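Chemist: This is entry-v5.cif (mmCIF, C-alpha atoms and all ligand atoms; chains and numbers go by the auth columns).
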data_run
#
loop_
_atom_site.group_PDB
_atom_site.id
_atom_site.type_symbol
_atom_site.label_atom_id
_atom_site.label_comp_id
_atom_site.label_asym_id
_atom_site.label_seq_id
_atom_site.Cartn_x
_atom_site.Cartn_y
_atom_site.Cartn_z
_atom_site.B_iso_or_equiv
_atom_site.auth_seq_id
_atom_site.auth_asym_id
ATOM 1 C CA ALA A 1 -20.763 -15.979 -10.598 0.00 4 A
ATOM 2 C CA PRO A 2 -17.710 -15.180 -8.490 0.00 5 A
ATOM 3 C CA SER A 3 -14.691 -14.250 -10.541 0.00 6 A
ATOM 4 C CA THR A 4 -11.837 -16.698 -10.793 0.00 7 A
ATOM 5 C CA VAL A 5 -9.316 -14.029 -11.800 0.00 8 A
ATOM 6 C CA GLN A 6 -5.855 -14.757 -10.421 0.00 9 A
ATOM 7 C CA ARG A 7 -4.249 -12.015 -8.386 0.00 10 A
ATOM 8 C CA ALA A 8 -0.549 -12.385 -7.632 0.00 11 A
ATOM 9 C CA ARG A 9 0.188 -11.798 -3.958 0.00 12 A
ATOM 10 C CA LEU A 10 1.949 -8.539 -3.177 0.00 13 A
ATOM 11 C CA VAL A 11 3.710 -7.599 0.061 0.00 14 A
ATOM 12 C CA LEU A 12 4.793 -3.971 0.391 0.00 15 A
ATOM 13 C CA GLY A 13 6.717 -2.355 3.206 0.00 16 A
ATOM 14 C CA ASN A 14 6.057 1.178 4.402 0.00 17 A
ATOM 15 C CA TRP A 15 9.064 2.419 6.333 0.00 18 A
ATOM 16 C CA LYS A 16 7.286 5.639 7.325 0.00 19 A
ATOM 17 C CA MET A 17 9.790 8.156 8.745 0.00 20 A
ATOM 18 C CA HIS A 18 12.375 5.591 9.782 0.00 21 A
ATOM 19 C CA GLY A 19 15.860 4.804 8.578 0.00 22 A
ATOM 20 C CA THR A 20 19.424 6.015 8.233 0.00 23 A
ATOM 21 C CA LEU A 21 21.861 5.366 5.414 0.00 24 A
ATOM 22 C CA ALA A 22 23.607 2.790 7.573 0.00 25 A
ATOM 23 C CA ASP A 23 20.471 1.019 8.831 0.00 26 A
ATOM 24 C CA ASN A 24 18.933 0.983 5.360 0.00 27 A
ATOM 25 C CA ALA A 25 22.052 -0.511 3.815 0.00 28 A
ATOM 26 C CA ALA A 26 21.860 -3.438 6.212 0.00 29 A
ATOM 27 C CA LEU A 27 18.112 -3.878 5.809 0.00 30 A
ATOM 28 C CA LEU A 28 18.153 -3.688 2.013 0.00 31 A
ATOM 29 C CA ALA A 29 21.117 -6.064 1.775 0.00 32 A
ATOM 30 C CA ALA A 30 19.326 -8.569 3.998 0.00 33 A
ATOM 31 C CA LEU A 31 16.150 -8.313 1.933 0.00 34 A
ATOM 32 C CA ARG A 32 18.084 -8.749 -1.263 0.00 35 A
ATOM 33 C CA GLN A 33 19.929 -11.707 0.203 0.00 36 A
ATOM 34 C CA GLY A 34 16.724 -13.313 1.460 0.00 37 A
ATOM 35 C CA ALA A 35 14.872 -12.693 -1.762 0.00 38 A
ATOM 36 C CA GLY A 36 14.078 -15.987 -3.314 0.00 39 A
ATOM 37 C CA ASN A 37 11.084 -17.976 -2.421 0.00 40 A
ATOM 38 C CA HIS A 38 8.726 -15.094 -1.869 0.00 41 A
ATOM 39 C CA CYS A 39 5.872 -13.315 -3.552 0.00 42 A
ATOM 40 C CA GLU A 40 6.094 -9.962 -5.307 0.00 43 A
ATOM 41 C CA MET A 41 7.671 -7.607 -2.816 0.00 44 A
ATOM 42 C CA GLY A 42 8.508 -3.923 -2.536 0.00 45 A
ATOM 43 C CA VAL A 43 9.508 -1.210 -0.074 0.00 46 A
ATOM 44 C CA CYS A 44 8.219 2.350 0.194 0.00 47 A
ATOM 45 C CA VAL A 45 11.029 4.427 1.654 0.00 48 A
ATOM 46 C CA PRO A 46 11.414 8.079 2.689 0.00 49 A
ATOM 47 C CA PHE A 47 12.186 10.346 -0.302 0.00 50 A
ATOM 48 C CA PRO A 48 15.843 10.999 0.601 0.00 51 A
ATOM 49 C CA TYR A 49 16.586 7.282 0.482 0.00 52 A
ATOM 50 C CA LEU A 50 15.123 6.548 -2.945 0.00 53 A
ATOM 51 C CA ALA A 51 18.536 6.751 -4.588 0.00 54 A
ATOM 52 C CA GLN A 52 19.909 4.322 -2.026 0.00 55 A
ATOM 53 C CA ALA A 53 17.009 1.919 -2.546 0.00 56 A
ATOM 54 C CA GLU A 54 17.544 2.108 -6.287 0.00 57 A
ATOM 55 C CA SER A 55 21.254 1.428 -6.063 0.00 58 A
ATOM 56 C CA LEU A 56 20.900 -1.448 -3.589 0.00 59 A
ATOM 57 C CA LEU A 57 17.801 -3.125 -5.067 0.00 60 A
ATOM 58 C CA LYS A 58 18.352 -2.640 -8.777 0.00 61 A
ATOM 59 C CA GLY A 59 18.569 -6.002 -10.510 0.00 62 A
ATOM 60 C CA SER A 60 16.871 -7.761 -7.583 0.00 63 A
ATOM 61 C CA THR A 61 13.298 -9.032 -7.497 0.00 64 A
ATOM 62 C CA ILE A 62 12.373 -6.362 -4.933 0.00 65 A
ATOM 63 C CA SER A 63 10.847 -3.116 -6.169 0.00 66 A
ATOM 64 C CA TRP A 64 10.783 0.234 -4.396 0.00 67 A
ATOM 65 C CA GLY A 65 8.629 3.301 -4.204 0.00 68 A
ATOM 66 C CA ALA A 66 7.600 6.411 -2.302 0.00 69 A
ATOM 67 C CA GLN A 67 5.157 7.066 0.513 0.00 70 A
ATOM 68 C CA ASP A 68 3.474 10.030 -1.125 0.00 71 A
ATOM 69 C CA ILE A 69 3.317 11.922 -4.428 0.00 72 A
ATOM 70 C CA SER A 70 2.353 15.421 -5.467 0.00 73 A
ATOM 71 C CA VAL A 71 -0.717 15.948 -7.606 0.00 74 A
ATOM 72 C CA HIS A 72 1.268 18.551 -9.524 0.00 75 A
ATOM 73 C CA GLU A 73 3.646 17.878 -12.397 0.00 76 A
ATOM 74 C CA LYS A 74 6.134 20.586 -11.446 0.00 77 A
ATOM 75 C CA GLY A 75 6.257 24.175 -10.341 0.00 78 A
ATOM 76 C CA ALA A 76 6.145 26.367 -7.265 0.00 79 A
ATOM 77 C CA TYR A 77 5.188 23.679 -4.754 0.00 80 A
ATOM 78 C CA THR A 78 7.852 23.875 -2.074 0.00 81 A
ATOM 79 C CA GLY A 79 8.449 20.583 -0.339 0.00 82 A
ATOM 80 C CA GLU A 80 6.398 18.519 -2.783 0.00 83 A
ATOM 81 C CA VAL A 81 7.807 15.666 -4.860 0.00 84 A
ATOM 82 C CA ALA A 82 6.515 15.015 -8.374 0.00 85 A
ATOM 83 C CA GLY A 83 5.788 11.647 -9.909 0.00 86 A
ATOM 84 C CA ALA A 84 8.366 12.213 -12.653 0.00 87 A
ATOM 85 C CA MET A 85 11.010 12.658 -9.946 0.00 88 A
ATOM 86 C CA LEU A 86 10.018 9.333 -8.433 0.00 89 A
ATOM 87 C CA ARG A 87 10.315 7.737 -11.845 0.00 90 A
ATOM 88 C CA ASP A 88 13.806 9.225 -12.139 0.00 91 A
ATOM 89 C CA PHE A 89 14.794 7.044 -9.188 0.00 92 A
ATOM 90 C CA GLY A 90 13.257 3.891 -10.609 0.00 93 A
ATOM 91 C CA CYS A 91 10.197 3.851 -8.372 0.00 94 A
ATOM 92 C CA ARG A 92 7.474 1.383 -9.074 0.00 95 A
ATOM 93 C CA TRP A 93 5.045 2.408 -6.300 0.00 96 A
ATOM 94 C CA ALA A 94 3.583 5.531 -4.738 0.00 97 A
ATOM 95 C CA LEU A 95 1.379 5.282 -1.684 0.00 98 A
ATOM 96 C CA ALA A 96 -1.601 7.629 -1.817 0.00 99 A
ATOM 97 C CA GLY A 97 -3.806 8.538 1.108 0.00 100 A
ATOM 98 C CA HIS A 98 -2.089 6.678 3.911 0.00 101 A
ATOM 99 C CA SER A 99 -4.180 7.320 7.021 0.00 102 A
ATOM 100 C CA GLU A 100 -1.331 9.265 8.616 0.00 103 A
ATOM 101 C CA ARG A 101 -1.430 11.691 5.715 0.00 104 A
ATOM 102 C CA ARG A 102 -5.212 11.897 5.748 0.00 105 A
ATOM 103 C CA ALA A 103 -5.227 12.557 9.496 0.00 106 A
ATOM 104 C CA MET A 104 -2.143 14.744 9.934 0.00 107 A
ATOM 105 C CA HIS A 105 -1.972 16.515 6.577 0.00 108 A
ATOM 106 C CA GLY A 106 -5.653 16.906 5.878 0.00 109 A
ATOM 107 C CA GLU A 107 -5.656 14.873 2.674 0.00 110 A
ATOM 108 C CA SER A 108 -9.188 14.638 1.306 0.00 111 A
ATOM 109 C CA ASP A 109 -10.720 11.712 -0.555 0.00 112 A
ATOM 110 C CA GLN A 110 -10.584 13.739 -3.778 0.00 113 A
ATOM 111 C CA LEU A 111 -6.936 14.736 -3.272 0.00 114 A
ATOM 112 C CA VAL A 112 -6.028 11.091 -2.722 0.00 115 A
ATOM 113 C CA ALA A 113 -7.739 10.130 -5.976 0.00 116 A
ATOM 114 C CA ASP A 114 -5.926 12.993 -7.721 0.00 117 A
ATOM 115 C CA LYS A 115 -2.631 11.629 -6.380 0.00 118 A
ATOM 116 C CA ALA A 116 -3.483 8.215 -7.777 0.00 119 A
ATOM 117 C CA ARG A 117 -4.184 9.831 -11.141 0.00 120 A
ATOM 118 C CA ALA A 118 -0.870 11.728 -11.004 0.00 121 A
ATOM 119 C CA ALA A 119 0.985 8.497 -10.270 0.00 122 A
ATOM 120 C CA LEU A 120 -0.672 6.673 -13.161 0.00 123 A
ATOM 121 C CA ALA A 121 0.133 9.548 -15.500 0.00 124 A
ATOM 122 C CA VAL A 122 3.862 8.881 -15.077 0.00 125 A
ATOM 123 C CA GLY A 123 3.642 5.096 -15.056 0.00 126 A
ATOM 124 C CA LEU A 124 3.800 4.549 -11.303 0.00 127 A
ATOM 125 C CA THR A 125 1.463 2.126 -9.584 0.00 128 A
ATOM 126 C CA PRO A 126 -0.507 3.983 -6.924 0.00 129 A
ATOM 127 C CA VAL A 127 -1.323 2.123 -3.730 0.00 130 A
ATOM 128 C CA VAL A 128 -4.474 3.851 -2.527 0.00 131 A
ATOM 129 C CA CYS A 129 -5.077 3.428 1.198 0.00 132 A
ATOM 130 C CA VAL A 130 -8.487 3.513 2.847 0.00 133 A
ATOM 131 C CA GLY A 131 -9.682 2.669 6.313 0.00 134 A
ATOM 132 C CA GLU A 132 -12.009 3.632 9.129 0.00 135 A
ATOM 133 C CA THR A 133 -11.188 4.933 12.592 0.00 136 A
ATOM 134 C CA LEU A 134 -12.194 3.044 15.720 0.00 137 A
ATOM 135 C CA GLU A 135 -14.960 5.572 16.339 0.00 138 A
ATOM 136 C CA GLU A 136 -16.309 5.036 12.840 0.00 139 A
ATOM 137 C CA ARG A 137 -16.194 1.248 13.260 0.00 140 A
ATOM 138 C CA GLU A 138 -17.907 1.368 16.633 0.00 141 A
ATOM 139 C CA GLY A 139 -20.553 3.645 15.148 0.00 142 A
ATOM 140 C CA GLY A 140 -21.306 0.962 12.576 0.00 143 A
ATOM 141 C CA ASN A 141 -20.052 3.139 9.715 0.00 144 A
ATOM 142 C CA THR A 142 -17.138 1.085 8.425 0.00 145 A
ATOM 143 C CA LEU A 143 -18.483 0.237 4.992 0.00 146 A
ATOM 144 C CA GLY A 144 -19.937 3.714 4.536 0.00 147 A
ATOM 145 C CA VAL A 145 -16.562 5.311 5.256 0.00 148 A
ATOM 146 C CA ILE A 146 -14.777 2.977 2.846 0.00 149 A
ATOM 147 C CA GLU A 147 -17.376 3.703 0.184 0.00 150 A
ATOM 148 C CA ARG A 148 -16.968 7.465 0.666 0.00 151 A
ATOM 149 C CA GLN A 149 -13.164 7.250 0.539 0.00 152 A
ATOM 150 C CA LEU A 150 -13.253 5.089 -2.583 0.00 153 A
ATOM 151 C CA GLU A 151 -15.869 7.061 -4.502 0.00 154 A
ATOM 152 C CA PRO A 152 -13.467 9.479 -6.279 0.00 155 A
ATOM 153 C CA VAL A 153 -11.013 6.615 -6.819 0.00 156 A
ATOM 154 C CA LEU A 154 -13.613 4.398 -8.472 0.00 157 A
ATOM 155 C CA ALA A 155 -14.604 7.433 -10.560 0.00 158 A
ATOM 156 C CA LEU A 156 -11.146 7.302 -12.187 0.00 159 A
ATOM 157 C CA GLY A 157 -12.643 4.507 -14.278 0.00 160 A
ATOM 158 C CA ALA A 158 -11.872 0.915 -15.131 0.00 161 A
ATOM 159 C CA ASP A 159 -8.701 1.589 -17.132 0.00 162 A
ATOM 160 C CA ALA A 160 -7.140 3.450 -14.209 0.00 163 A
ATOM 161 C CA LEU A 161 -8.389 0.976 -11.617 0.00 164 A
ATOM 162 C CA ALA A 162 -6.863 -1.906 -13.533 0.00 165 A
ATOM 163 C CA ARG A 163 -3.448 -0.264 -13.036 0.00 166 A
ATOM 164 C CA LEU A 164 -3.607 0.511 -9.326 0.00 167 A
ATOM 165 C CA VAL A 165 -3.542 -1.330 -6.016 0.00 168 A
ATOM 166 C CA LEU A 166 -5.861 -0.719 -3.063 0.00 169 A
ATOM 167 C CA ALA A 167 -4.957 -1.139 0.590 0.00 170 A
ATOM 168 C CA TYR A 168 -7.508 -1.535 3.364 0.00 171 A
ATOM 169 C CA GLU A 169 -5.898 -0.266 6.539 0.00 172 A
ATOM 170 C CA PRO A 170 -8.216 0.156 9.519 0.00 173 A
ATOM 171 C CA VAL A 171 -6.766 3.118 11.411 0.00 174 A
ATOM 172 C CA TRP A 172 -7.239 1.370 14.761 0.00 175 A
ATOM 173 C CA ALA A 173 -5.012 -1.475 13.599 0.00 176 A
ATOM 174 C CA ILE A 174 -2.096 0.610 12.326 0.00 177 A
ATOM 175 C CA GLY A 175 0.901 0.538 14.620 0.00 178 A
ATOM 176 C CA THR A 176 -1.225 -0.616 17.520 0.00 179 A
ATOM 177 C CA GLY A 177 -0.456 -4.327 17.541 0.00 180 A
ATOM 178 C CA ARG A 178 -4.197 -4.828 17.271 0.00 181 A
ATOM 179 C CA THR A 179 -4.704 -6.403 13.866 0.00 182 A
ATOM 180 C CA ALA A 180 -8.142 -6.839 12.334 0.00 183 A
ATOM 181 C CA THR A 181 -9.324 -10.415 12.476 0.00 184 A
ATOM 182 C CA PRO A 182 -9.206 -12.134 9.097 0.00 185 A
ATOM 183 C CA GLU A 183 -13.018 -12.080 9.118 0.00 186 A
ATOM 184 C CA GLN A 184 -13.185 -8.346 9.855 0.00 187 A
ATOM 185 C CA ALA A 185 -10.732 -7.637 7.061 0.00 188 A
ATOM 186 C CA GLN A 186 -12.441 -9.996 4.628 0.00 189 A
ATOM 187 C CA GLU A 187 -15.788 -8.299 5.214 0.00 190 A
ATOM 188 C CA VAL A 188 -14.355 -5.020 3.933 0.00 191 A
ATOM 189 C CA HIS A 189 -12.232 -6.580 1.194 0.00 192 A
ATOM 190 C CA GLY A 190 -15.267 -8.520 0.006 0.00 193 A
ATOM 191 C CA ALA A 191 -17.373 -5.358 -0.159 0.00 194 A
ATOM 192 C CA ILE A 192 -14.650 -3.593 -2.148 0.00 195 A
ATOM 193 C CA ARG A 193 -14.418 -6.607 -4.457 0.00 196 A
ATOM 194 C CA VAL A 194 -18.144 -6.411 -5.182 0.00 197 A
ATOM 195 C CA ALA A 195 -17.715 -2.776 -6.226 0.00 198 A
ATOM 196 C CA LEU A 196 -14.680 -3.602 -8.367 0.00 199 A
ATOM 197 C CA ARG A 197 -16.452 -6.514 -10.007 0.00 200 A
ATOM 198 C CA GLY A 198 -19.362 -4.233 -10.824 0.00 201 A
ATOM 199 C CA LEU A 199 -16.927 -1.955 -12.658 0.00 202 A
ATOM 200 C CA GLY A 200 -15.419 -4.864 -14.568 0.00 203 A
ATOM 201 C CA VAL A 201 -12.110 -4.906 -12.686 0.00 204 A
ATOM 202 C CA PRO A 202 -12.200 -7.890 -10.301 0.00 205 A
ATOM 203 C CA GLN A 203 -8.441 -8.336 -10.786 0.00 206 A
ATOM 204 C CA VAL A 204 -7.465 -5.243 -8.754 0.00 207 A
ATOM 205 C CA ARG A 205 -5.325 -6.286 -5.815 0.00 208 A
ATOM 206 C CA ILE A 206 -6.535 -5.317 -2.345 0.00 209 A
ATOM 207 C CA LEU A 207 -3.837 -5.407 0.336 0.00 210 A
ATOM 208 C CA TYR A 208 -4.567 -5.503 4.046 0.00 211 A
ATOM 209 C CA GLY A 209 -2.558 -3.297 6.399 0.00 212 A
ATOM 210 C CA GLY A 210 -2.528 -2.918 10.158 0.00 213 A
ATOM 211 C CA SER A 211 -0.125 -4.710 12.487 0.00 214 A
ATOM 212 C CA VAL A 212 0.660 -7.477 10.009 0.00 215 A
ATOM 213 C CA LYS A 213 3.377 -9.791 11.331 0.00 216 A
ATOM 214 C CA ALA A 214 4.766 -13.149 10.297 0.00 217 A
ATOM 215 C CA ALA A 215 2.567 -14.694 12.985 0.00 218 A
ATOM 216 C CA ASN A 216 -0.742 -13.404 11.596 0.00 219 A
ATOM 217 C CA ALA A 217 -0.041 -13.059 7.862 0.00 220 A
ATOM 218 C CA ALA A 218 -1.015 -16.595 6.874 0.00 221 A
ATOM 219 C CA THR A 219 -4.546 -16.435 8.265 0.00 222 A
ATOM 220 C CA LEU A 220 -5.083 -13.032 6.650 0.00 223 A
ATOM 221 C CA PHE A 221 -3.738 -14.229 3.303 0.00 224 A
ATOM 222 C CA ALA A 222 -6.028 -17.258 3.457 0.00 225 A
ATOM 223 C CA MET A 223 -9.053 -15.008 3.014 0.00 226 A
ATOM 224 C CA PRO A 224 -10.418 -14.963 -0.533 0.00 227 A
ATOM 225 C CA ASP A 225 -10.182 -11.209 -1.139 0.00 228 A
ATOM 226 C CA ILE A 226 -6.945 -10.398 0.717 0.00 229 A
ATOM 227 C CA ASP A 227 -4.252 -10.230 -1.931 0.00 230 A
ATOM 228 C CA GLY A 228 -1.265 -9.323 0.200 0.00 231 A
ATOM 229 C CA ALA A 229 -0.213 -6.792 2.799 0.00 232 A
ATOM 230 C CA LEU A 230 1.017 -3.275 3.353 0.00 233 A
ATOM 231 C CA VAL A 231 3.391 -3.651 6.274 0.00 234 A
ATOM 232 C CA GLY A 232 4.642 -0.843 8.521 0.00 235 A
ATOM 233 C CA GLY A 233 6.653 -1.731 11.607 0.00 236 A
ATOM 234 C CA ALA A 234 7.408 -5.308 10.611 0.00 237 A
ATOM 235 C CA SER A 235 8.913 -4.153 7.303 0.00 238 A
ATOM 236 C CA LEU A 236 11.822 -2.616 9.216 0.00 239 A
ATOM 237 C CA VAL A 237 12.950 -6.044 10.407 0.00 240 A
ATOM 238 C CA ALA A 238 14.360 -8.000 7.471 0.00 241 A
ATOM 239 C CA ASP A 239 13.664 -11.483 8.788 0.00 242 A
ATOM 240 C CA GLU A 240 10.097 -10.641 9.825 0.00 243 A
ATOM 241 C CA PHE A 241 9.297 -8.943 6.531 0.00 244 A
ATOM 242 C CA LEU A 242 10.777 -11.814 4.511 0.00 245 A
ATOM 243 C CA ARG A 243 8.724 -14.299 6.499 0.00 246 A
ATOM 244 C CA ILE A 244 5.539 -12.383 5.729 0.00 247 A
ATOM 245 C CA ALA A 245 6.429 -12.409 2.032 0.00 248 A
ATOM 246 C CA ALA A 246 7.247 -16.113 2.156 0.00 249 A
ATOM 247 C CA VAL A 247 3.850 -17.176 3.565 0.00 250 A
HETATM 248 C C1 LIG B . 1.163 1.094 7.701 0.00 301 B
HETATM 249 O O1 LIG B . 1.866 2.018 8.046 0.00 301 B
HETATM 250 O O2 LIG B . 0.674 1.103 6.572 0.00 301 B
HETATM 251 C C2 LIG B . 0.945 -0.029 8.623 0.00 301 B
HETATM 252 C C3 LIG B . 0.090 -0.963 8.301 0.00 301 B
HETATM 253 O O3 LIG B . 1.675 -0.022 9.798 0.00 301 B
HETATM 254 P P1 LIG B . 1.842 -1.252 10.859 0.00 301 B
HETATM 255 O O4 LIG B . 2.098 -2.494 10.044 0.00 301 B
HETATM 256 O O5 LIG B . 3.017 -0.858 11.691 0.00 301 B
HETATM 257 O O6 LIG B . 0.565 -1.350 11.613 0.00 301 B
#
Using the file provided, produce a representation of the structure as structure tokens.
Ligand code: PEP

Modeler:
Amino acid sequence: APSTVQRARLVLGNWKMHGTLADNAALLAALRQGAGNHCEMGVCVPFPYLAQAESLLKGSTISWGAQDISVHEKGAYTGEVAGAMLRDFGCRWALAGHSERRAMHGESDQLVADKARAALAVGLTPVVCVGETLEEREGGNTLGVIERQLEPVLALGADALARLVLAYEPVWAIGTGRTATPEQAQEVHGAIRVALRGLGVPQVRILYGGSVKAANAATLFAMPDIDGALVGGASLVADEFLRIAAV
């Protein structure tokens, strides 16, 4: 029988490589001010701005996190940032395997799972991103690609899965203004849910990402297995982001 587990809606922003101290101060103040009647909400900011996010969001209902994490604890890894460092700045979240990192930094499915494990080891909640390219979708391989990307993540086991968040982000929908239809997204979310249910963790939240805006969030969130959103561009505009979280 279908699970009736309740999953609290989560809306996370991914600023990518955007922001300045001045712009962030205004954005974070507006989010804090508008925080009220919305679901669980967080922002994933560039590393240099974690201290600013902590100081401006501390004591609010909005959490913050990073866009990446090293698999290593510490050591000679120039340019990498360890999970313990993220914890030092009060992070709640660490994205793992965003498609831009998979595509531009060669992150493998196994590395992404290792990053999720590293995040869990220090008490961060990993947000593991998966998604197919347009070519893969048009070749009819969407579910196969998602399955391949998730395999090492699912292998982390039920205890780990129960403490992470997944994000389905079709690459062709990211930053393109071309969002997946709610039905297209639900098809993938539903398939992931079947796998999660089989492992005894139907409660894992699955966010959708890819050109989410206030205007399309409600129909996406109405789907049974879409538990929130990972929002890029629209998370840089306070009013738009707040409206998505207030759906
Ligand atoms: C993202 O970066 O995760 C994303 C979904 O971007 P956008 O909302 O801009 O498509």

Chemist: At a cut-off of 8 Å, can you tabulate as CSV every residue of chain A near ligand LIG 301 (chain B) together with its closest atom pair and the distance in Å to one decimal, using all atoms listed in the file and ordering rows by chain then number?

Modeler:
residue,atom,partner,partner_atom,distance
A:Gly16,CA,B:LIG301,O2,7.7
A:Asn17,CA,B:LIG301,O1,5.6
A:Trp18,CA,B:LIG301,O1,7.4
A:Lys19,CA,B:LIG301,O1,6.6
A:His101,CA,B:LIG301,O2,6.8
A:Ser102,CA,B:LIG301,O2,7.9
A:Glu103,CA,B:LIG301,O1,7.9
A:Glu172,CA,B:LIG301,C3,6.3
A:Ala176,CA,B:LIG301,O6,5.9
A:Ile177,CA,B:LIG301,O6,3.4
A:Gly178,CA,B:LIG301,O6,3.6
A:Thr179,CA,B:LIG301,O6,6.2
A:Gly180,CA,B:LIG301,O6,6.7
A:Thr182,CA,B:LIG301,O6,7.6
A:Tyr211,CA,B:LIG301,C3,7.8
A:Gly212,CA,B:LIG301,C3,4.0
A:Gly213,CA,B:LIG301,C3,3.8
A:Ser214,CA,B:LIG301,O6,3.5
A:Val215,CA,B:LIG301,O4,5.2
A:Lys216,CA,B:LIG301,O4,7.5
A:Leu233,CA,B:LIG301,O2,5.4
A:Val234,CA,B:LIG301,O4,4.2
A:Gly235,CA,B:LIG301,O3,3.3
A:Gly236,CA,B:LIG301,O5,3.7
A:Ala237,CA,B:LIG301,O4,6.0
A:Ser238,CA,B:LIG301,O4,7.5

Chemist: Which distance in Å separates atom CA of Ala158 of chain A and atom CA of Gln113 of chain A, to one decimal?

Modeler: 10.1 Å

Chemist: Name the closest residue to Gly37 of chain A among the candidates A:Ala249, A:Leu202, A:Gln9, A:Leu127; distances are taken between atoms, counting all atoms listed in the file.

Modeler: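 Under the stated criterion, the closest residue is A:Ala249.
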
Chemist: Compile the contact shell of Ala54 of chain A as a ChimeraX atom specification: residues with an atom at most 12 Å away, counting all atoms listed in the file, same-chain residues fewer than 2 positions apart removed.

Modeler: /A:24,27-28,48-52,56-61,67-69,88-94

Chemist: Determine the residue membership of the PyMOL selection byres (((chain A and resi 164) around 10) and not hetatm) for the file above and supply it as a compact mmCIF listing (two decimals) with C-alpha atoms, in the frame of the given file.

Modeler:
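Wrote expr.txt, looks like this:
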# COMPACT_ATOMS: atom_id res chain seq x y z
CA ALA A 119 -3.48 8.22 -7.78
CA ARG A 120 -4.18 9.83 -11.14
CA LEU A 123 -0.67 6.67 -13.16
CA PRO A 129 -0.51 3.98 -6.92
CA VAL A 156 -11.01 6.62 -6.82
CA LEU A 157 -13.61 4.40 -8.47
CA ALA A 158 -14.60 7.43 -10.56
CA LEU A 159 -11.15 7.30 -12.19
CA GLY A 160 -12.64 4.51 -14.28
CA ALA A 161 -11.87 0.92 -15.13
CA ASP A 162 -8.70 1.59 -17.13
CA ALA A 163 -7.14 3.45 -14.21
CA ALA A 165 -6.86 -1.91 -13.53
CA ARG A 166 -3.45 -0.26 -13.04
CA LEU A 167 -3.61 0.51 -9.33
CA VAL A 168 -3.54 -1.33 -6.02
CA LEU A 169 -5.86 -0.72 -3.06
CA LEU A 199 -14.68 -3.60 -8.37
CA LEU A 202 -16.93 -1.96 -12.66
CA GLY A 203 -15.42 -4.86 -14.57
CA VAL A 204 -12.11 -4.91 -12.69
CA PRO A 205 -12.20 -7.89 -10.30
CA GLN A 206 -8.44 -8.34 -10.79
CA VAL A 207 -7.46 -5.24 -8.75
CA ARG A 208 -5.32 -6.29 -5.82

Chemist: Using all atoms listed in the file, which residue out of A:Ser111, A:Val131, A:Glu141, A:Thr81 lies closest to Leu98 of chain A?

Modeler: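 Among A:Ser111, A:Val131, A:Glu141, A:Thr81, it is A:Val131 that comes nearest to Leu98 of chain A.
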
Chemist: Using Å and a single decimal, report how far atom CA of His41 of chain A sits from atom CA of Ala198 of chain A.

Modeler: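 Here the two named atoms are 29.5 Å from each other.
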
Chemist: Kindly resolve the PyMOL selection byres (((chain A and resi 150) around 12) and not hetatm) on the present coordinates and return the residues as number ranges by chain.

Modeler: A: 112, 133-135, 144-149, 151-158, 171, 191-192, 194-199

Chemist: Can you complete the atoms of segment 119-130 of chain A to N, CA and C atoms and list them as an mmCIF file, keeping the file's coordinate frame?

Modeler:
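selection_36.cif, freshly written:
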data_model
loop_
_atom_site.group_PDB
_atom_site.id
_atom_site.type_symbol
_atom_site.label_atom_id
_atom_site.label_comp_id
_atom_site.auth_asym_id
_atom_site.auth_seq_id
_atom_site.Cartn_x
_atom_site.Cartn_y
_atom_site.Cartn_z
ATOM 1 N N ALA A 119 -3.508 9.480 -7.033
ATOM 2 C CA ALA A 119 -3.483 8.215 -7.777
ATOM 3 C C ALA A 119 -3.411 8.504 -9.269
ATOM 4 N N ARG A 120 -4.190 9.472 -9.716
ATOM 5 C CA ARG A 120 -4.184 9.831 -11.141
ATOM 6 C C ARG A 120 -2.806 10.357 -11.557
ATOM 7 N N ALA A 121 -2.200 11.171 -10.694
ATOM 8 C CA ALA A 121 -0.870 11.728 -11.004
ATOM 9 C C ALA A 121 0.164 10.616 -11.103
ATOM 10 N N ALA A 122 0.051 9.625 -10.232
ATOM 11 C CA ALA A 122 0.985 8.497 -10.270
ATOM 12 C C ALA A 122 0.821 7.723 -11.574
ATOM 13 N N LEU A 123 -0.414 7.431 -11.930
ATOM 14 C CA LEU A 123 -0.672 6.673 -13.161
ATOM 15 C C LEU A 123 -0.165 7.417 -14.391
ATOM 16 N N ALA A 124 -0.265 8.742 -14.337
ATOM 17 C CA ALA A 124 0.133 9.548 -15.500
ATOM 18 C C ALA A 124 1.614 9.409 -15.826
ATOM 19 N N VAL A 125 2.424 9.043 -14.826
ATOM 20 C CA VAL A 125 3.862 8.881 -15.077
ATOM 21 C C VAL A 125 4.280 7.411 -15.008
ATOM 22 N N GLY A 126 3.306 6.513 -15.000
ATOM 23 C CA GLY A 126 3.642 5.096 -15.056
ATOM 24 C C GLY A 126 3.974 4.459 -13.719
ATOM 25 N N LEU A 127 3.651 5.154 -12.627
ATOM 26 C CA LEU A 127 3.800 4.549 -11.303
ATOM 27 C C LEU A 127 2.525 3.797 -10.943
ATOM 28 N N THR A 128 2.647 2.818 -10.091
ATOM 29 C CA THR A 128 1.463 2.126 -9.584
ATOM 30 C C THR A 128 1.070 2.738 -8.249
ATOM 31 N N PRO A 129 -0.064 3.434 -8.201
ATOM 32 C CA PRO A 129 -0.507 3.983 -6.924
ATOM 33 C C PRO A 129 -1.043 2.878 -6.015
ATOM 34 N N VAL A 130 -0.759 3.021 -4.743
ATOM 35 C CA VAL A 130 -1.323 2.123 -3.730
ATOM 36 C C VAL A 130 -2.224 3.001 -2.873
#
